Amino acid sequence: MLPLRQVWPEELADRYRRKGYWRGETMSDLLTEKANLHPDCPAVVGSRDGVKIRWTYAELFARTQAIAASVHALGFRPGERIVVQLPNVPSFLSIVFGLFRAGIVPVFALPAHREAEIAHFVRRSEAAGYLTIDRFGKFDYRELARNVAAATQLRRIMILGDSQEFFSLDETPGPEHPTHTASPSDVAFLQISGGSTGLSKLIPRTHDDYIYSFRASAEICGLTPESVYLCALPAAHNFPMSSPGTFGALYAGSLVVMASSPAPETAFQLIEEERVTITGLVPPLALAWMRAARSSERDLSSLEVVQVGGAKLTPEAARRLGPALGCKLQQVFGMAEGLVNYTRLDDPEELVVATQGRPISPDDEIRIVNESGEPVPEGSSGHLLTRGPYTIRGYHNEPEANPISFTADGFYRTGDIVRQTADGYLVVEGRAVDHINRSGEKVSAEEIEDHLLAHPHVFDAAVVSLPDPHLGERSCAFIIPEGEPPRVIELKAFVRQRGLADFKVPDQIVLLEDFSTTAVGKVSRAELRRRLRDQYLQTSQGE
Ligand code: OOB
């Protein structure tokens, strides 16, 4: 199996190596090195089925060896892809690093994804395997696995825990098998894009580029072997994985604490018990934590930094966060495609409250342009384009979308509207493309419209984002019925039954007779969505 490619022009690749960003390490080397360096230090803590788990670096490492041997014995070979869907359990790390060790390329699905999404990831990545857990919370992933098996051409399905008819994964340390030596410029894994147009795209990240992003992040966030990182958001997401996330924490020799839920009751207990020093949250969670902290008896005094990112944090909430949780706030504006911005820990309060930070790297190139692609005057807002040592140059297997998402000279069109302050900090002002940023989960309007249109009583559908006090944004689907108007509850069930993650089911559905006479046929979908949204907000007096 040939390695997947992600290629930077030679001149840029040379520069990134010369400047020491790309050091020729691989994900697998990295854990081996840390396990040799401090074998007896605690590496990861968490629980599964209510049983507490605590592994040192040496124990985590031994488990990665076992996983590598296990997938090898199941017939997987270097370069093959396995879609991995795991919740926040310690085995997330042993499995993922075990796959790296065997040269397998994980494709990171989120626990909330369902059959339609998983089947899409399997097909698009041409995955040979799907790896998930027996059950988590109320959900049985083996049921999902059966549906995915029926819909795709998977060779093997592996289950962590009670595997029933599927293959089980052996984490018991045993004899080593020969380790695969990856090239640092190989693609290490595929991550999932927010998906602004239609289905999620796959993001190929190389060892060189990703390691740089979390090594530099660990430094910016001040991680040391004494730090304790709480992984509260889904571990497969880029923010808690690499900004600095679990990978950055392992790089720094810190302890990773896997939270089975980000809810204050669970998270606060872990903070108290493990003396957590840093964590990352999305804005609605940060608000929930601030509220809960007022009446909580838990000792949160170990917290030094709470990072907030994934969606815009309002300046008012930003100002209140530090005092409410007794720690520093760090704003993080990043994307799975690459570029990550941080406010720095020694920045003055005004910058931390009012901006979303500045890039990790001196070689992150930022271009802010108008509709015709011309640079805007300094300080004005425009479309953010970026290129740099850890920003991808193209999605996996997307010959049609790539020329739209990337400029000819390799800049990624983020879809975000930003402005840059005189000292290089970015302020996110909005989005140019149509997705709903629902509590940090990105939902593509187009993808949901396509599903709604499959309903026999839907003539047309337009999905928009509306402001929401709890979620930041919620989704609202405007529907023109065909014949008998469908009931709202039935439409929601219809979308869910099509095998979509719960967060994609429209929060609100409004039935309309038509999409206003001036709009239909004469304007783009984007313009139609904008008009419907504005009309709705006006008539509902800005809810
Ligand atoms: C993170 O990654 P994704 O890939 O789920 O989403 C990226 C998009 C950005 O393009 C932007 O629209 C939005 O999420 N976003 C923010 C933001 N952080 C992300 N919008 C406003 N303010 C922020 N602070 O969400 C992600 C990846 C790595 C680190 C942090 C977040």
# chains A, B, ... in the order shown; residues from 1 in each chain; ligands from 1
call {"tool": "residues_near_ligand", "arguments": {"ligand": "ligand 1", "cutoff": "8 Å", "atoms": "only C-alpha atoms and all ligand atoms", "output": "ChimeraX atom specification"}}
result
/A:192-194,237-240,242-243,308-313,331-341,356,414-416,427-431,437,440-442
call {"tool": "select_by_dssp", "arguments": {"residues": "stretch 347-436 of chain A", "states": "helix (DSSP H, G or I)", "output": "ChimeraX atom specification"}}
result
/A:349-354,402-405
call {"tool": "closest_residue", "arguments": {"among": "A:Glu316, A:Ala293, A:His120, A:Pro284", "to": "A:Arg474", "atoms": "only C-alpha atoms"}}
result
A:Pro284
call {"tool": "residues_around", "arguments": {"residues": "stretch 76-87 of chain A", "least_positions_apart": "6", "cutoff": "8 Å", "atoms": "only C-alpha atoms", "output": "PDB file with N, CA and C atoms, in the first residue's frame"}}
result
ATOM      1  N   MET A   1       0.867  -1.206   0.000  1.00  0.00           N
ATOM      2  CA  MET A   1       0.000   0.000   0.000  1.00  0.00           C
ATOM      3  C   MET A   1       0.897   1.247   0.000  1.00  0.00           C
ATOM      4  N   LEU A   2       0.707   2.097  -0.994  1.00  0.00           N
ATOM      5  CA  LEU A   2       1.544   3.302  -1.073  1.00  0.00           C
ATOM      6  C   LEU A   2       1.120   4.297   0.000  1.00  0.00           C
ATOM      7  N   PRO A   3       2.089   5.021   0.586  1.00  0.00           N
ATOM      8  CA  PRO A   3       1.687   6.014   1.575  1.00  0.00           C
ATOM      9  C   PRO A   3       0.858   7.121   0.928  1.00  0.00           C
ATOM     10  N   LEU A   4      -0.087   7.692   1.691  1.00  0.00           N
ATOM     11  CA  LEU A   4      -0.853   8.827   1.178  1.00  0.00           C
ATOM     12  C   LEU A   4       0.113  10.002   1.064  1.00  0.00           C
ATOM     13  N   ALA A 102       2.302   0.412  13.966  1.00  0.00           N
ATOM     14  CA  ALA A 102       2.150  -0.594  12.911  1.00  0.00           C
ATOM     15  C   ALA A 102       2.109   0.052  11.521  1.00  0.00           C
ATOM     16  N   GLY A 103       2.235   1.384  11.473  1.00  0.00           N
ATOM     17  CA  GLY A 103       2.230   2.075  10.178  1.00  0.00           C
ATOM     18  C   GLY A 103       0.835   2.243   9.599  1.00  0.00           C
ATOM     19  N   ILE A 104      -0.194   1.954  10.423  1.00  0.00           N
ATOM     20  CA  ILE A 104      -1.577   2.108   9.951  1.00  0.00           C
ATOM     21  C   ILE A 104      -1.977   3.578  10.073  1.00  0.00           C
ATOM     22  N   VAL A 105      -2.816   4.045   9.142  1.00  0.00           N
ATOM     23  CA  VAL A 105      -3.258   5.438   9.133  1.00  0.00           C
ATOM     24  C   VAL A 105      -4.664   5.516   9.735  1.00  0.00           C
ATOM     25  N   PRO A 106      -4.788   6.009  10.992  1.00  0.00           N
ATOM     26  CA  PRO A 106      -6.135   6.130  11.544  1.00  0.00           C
ATOM     27  C   PRO A 106      -6.916   7.248  10.849  1.00  0.00           C
ATOM     28  N   VAL A 107      -8.221   7.057  10.744  1.00  0.00           N
ATOM     29  CA  VAL A 107      -9.129   8.102  10.256  1.00  0.00           C
ATOM     30  C   VAL A 107     -10.007   8.421  11.464  1.00  0.00           C
ATOM     31  N   PHE A 108      -9.911   9.659  11.970  1.00  0.00           N
ATOM     32  CA  PHE A 108     -10.515   9.959  13.266  1.00  0.00           C
ATOM     33  C   PHE A 108     -11.973  10.398  13.178  1.00  0.00           C
ATOM     34  N   ALA A 109     -12.886   9.473  13.483  1.00  0.00           N
ATOM     35  CA  ALA A 109     -14.310   9.824  13.570  1.00  0.00           C
ATOM     36  C   ALA A 109     -14.612  10.262  14.998  1.00  0.00           C
ATOM     37  N   LEU A 110     -15.692  11.023  15.163  1.00  0.00           N
ATOM     38  CA  LEU A 110     -16.109  11.440  16.511  1.00  0.00           C
ATOM     39  C   LEU A 110     -17.131  10.435  17.058  1.00  0.00           C
ATOM     40  N   PRO A 111     -17.210  10.292  18.379  1.00  0.00           N
ATOM     41  CA  PRO A 111     -18.185   9.351  18.941  1.00  0.00           C
ATOM     42  C   PRO A 111     -19.627   9.640  18.504  1.00  0.00           C
ATOM     43  N   ILE A 118     -19.864   7.472   9.126  1.00  0.00           N
ATOM     44  CA  ILE A 118     -18.799   6.458   9.177  1.00  0.00           C
ATOM     45  C   ILE A 118     -18.632   5.797   7.805  1.00  0.00           C
ATOM     46  N   PHE A 121     -16.703   8.040   5.606  1.00  0.00           N
ATOM     47  CA  PHE A 121     -15.258   8.065   5.903  1.00  0.00           C
ATOM     48  C   PHE A 121     -14.589   6.787   5.389  1.00  0.00           C
ATOM     49  N   VAL A 122     -15.272   5.646   5.547  1.00  0.00           N
ATOM     50  CA  VAL A 122     -14.713   4.367   5.082  1.00  0.00           C
ATOM     51  C   VAL A 122     -14.489   4.437   3.571  1.00  0.00           C
ATOM     52  N   SER A 125     -11.812   7.195   2.424  1.00  0.00           N
ATOM     53  CA  SER A 125     -10.415   6.887   2.778  1.00  0.00           C
ATOM     54  C   SER A 125     -10.016   5.507   2.262  1.00  0.00           C
ATOM     55  N   GLU A 126     -10.963   4.785   1.666  1.00  0.00           N
ATOM     56  CA  GLU A 126     -10.745   3.396   1.242  1.00  0.00           C
ATOM     57  C   GLU A 126     -10.187   2.588   2.401  1.00  0.00           C
ATOM     58  N   ALA A 127     -10.851   2.716   3.548  1.00  0.00           N
ATOM     59  CA  ALA A 127     -10.379   2.043   4.756  1.00  0.00           C
ATOM     60  C   ALA A 127     -10.611   0.540   4.663  1.00  0.00           C
ATOM     61  N   ALA A 128      -9.667  -0.203   5.246  1.00  0.00           N
ATOM     62  CA  ALA A 128      -9.807  -1.659   5.287  1.00  0.00           C
ATOM     63  C   ALA A 128     -10.460  -2.083   6.594  1.00  0.00           C
ATOM     64  N   GLY A 129     -10.434  -1.212   7.596  1.00  0.00           N
ATOM     65  CA  GLY A 129     -10.962  -1.597   8.898  1.00  0.00           C
ATOM     66  C   GLY A 129     -11.702  -0.466   9.583  1.00  0.00           C
ATOM     67  N   TYR A 130     -12.501  -0.875  10.570  1.00  0.00           N
ATOM     68  CA  TYR A 130     -13.230   0.075  11.428  1.00  0.00           C
ATOM     69  C   TYR A 130     -13.019  -0.415  12.842  1.00  0.00           C
ATOM     70  N   LEU A 131     -12.615   0.498  13.718  1.00  0.00           N
ATOM     71  CA  LEU A 131     -12.285   0.114  15.088  1.00  0.00           C
ATOM     72  C   LEU A 131     -13.093   0.977  16.044  1.00  0.00           C
ATOM     73  N   THR A 132     -13.871   0.318  16.903  1.00  0.00           N
ATOM     74  CA  THR A 132     -14.670   1.093  17.844  1.00  0.00           C
ATOM     75  C   THR A 132     -14.779   0.344  19.175  1.00  0.00           C
ATOM     76  N   ILE A 133     -15.624   0.852  20.045  1.00  0.00           N
ATOM     77  CA  ILE A 133     -15.736   0.299  21.400  1.00  0.00           C
ATOM     78  C   ILE A 133     -17.050  -0.493  21.484  1.00  0.00           C
ATOM     79  N   PHE A 136     -20.768   2.753  24.933  1.00  0.00           N
ATOM     80  CA  PHE A 136     -20.354   3.895  25.721  1.00  0.00           C
ATOM     81  C   PHE A 136     -21.591   4.704  26.042  1.00  0.00           C
ATOM     82  N   HIS A 180       7.027  -0.835  12.138  1.00  0.00           N
ATOM     83  CA  HIS A 180       7.119  -0.197  10.827  1.00  0.00           C
ATOM     84  C   HIS A 180       7.865   1.134  10.965  1.00  0.00           C
ATOM     85  N   PRO A 234     -14.134  15.821  22.842  1.00  0.00           N
ATOM     86  CA  PRO A 234     -13.863  14.507  22.226  1.00  0.00           C
ATOM     87  C   PRO A 234     -12.409  14.392  21.746  1.00  0.00           C
ATOM     88  N   ALA A 235     -11.718  13.356  22.209  1.00  0.00           N
ATOM     89  CA  ALA A 235     -10.271  13.237  22.011  1.00  0.00           C
ATOM     90  C   ALA A 235      -9.843  13.223  20.544  1.00  0.00           C
ATOM     91  N   ALA A 236     -10.758  12.843  19.641  1.00  0.00           N
ATOM     92  CA  ALA A 236     -10.385  12.757  18.227  1.00  0.00           C
ATOM     93  C   ALA A 236     -10.402  14.118  17.535  1.00  0.00           C
ATOM     94  N   SER A 260     -14.696  11.223  30.795  1.00  0.00           N
ATOM     95  CA  SER A 260     -15.722  10.523  30.015  1.00  0.00           C
ATOM     96  C   SER A 260     -16.842  11.479  29.605  1.00  0.00           C
TER      97      SER A 260
END
call {"tool": "atom_distance", "arguments": {"atom1": "atom CA of A:Val44", "atom2": "atom CA of A:Met258"}}
result
7.4 Å
call {"tool": "closest_residue", "arguments": {"among": "A:Ala292, A:Val353, A:Leu202, A:Ile479", "to": "A:Gly322", "atoms": "only C-alpha atoms"}}
result
A:Val353
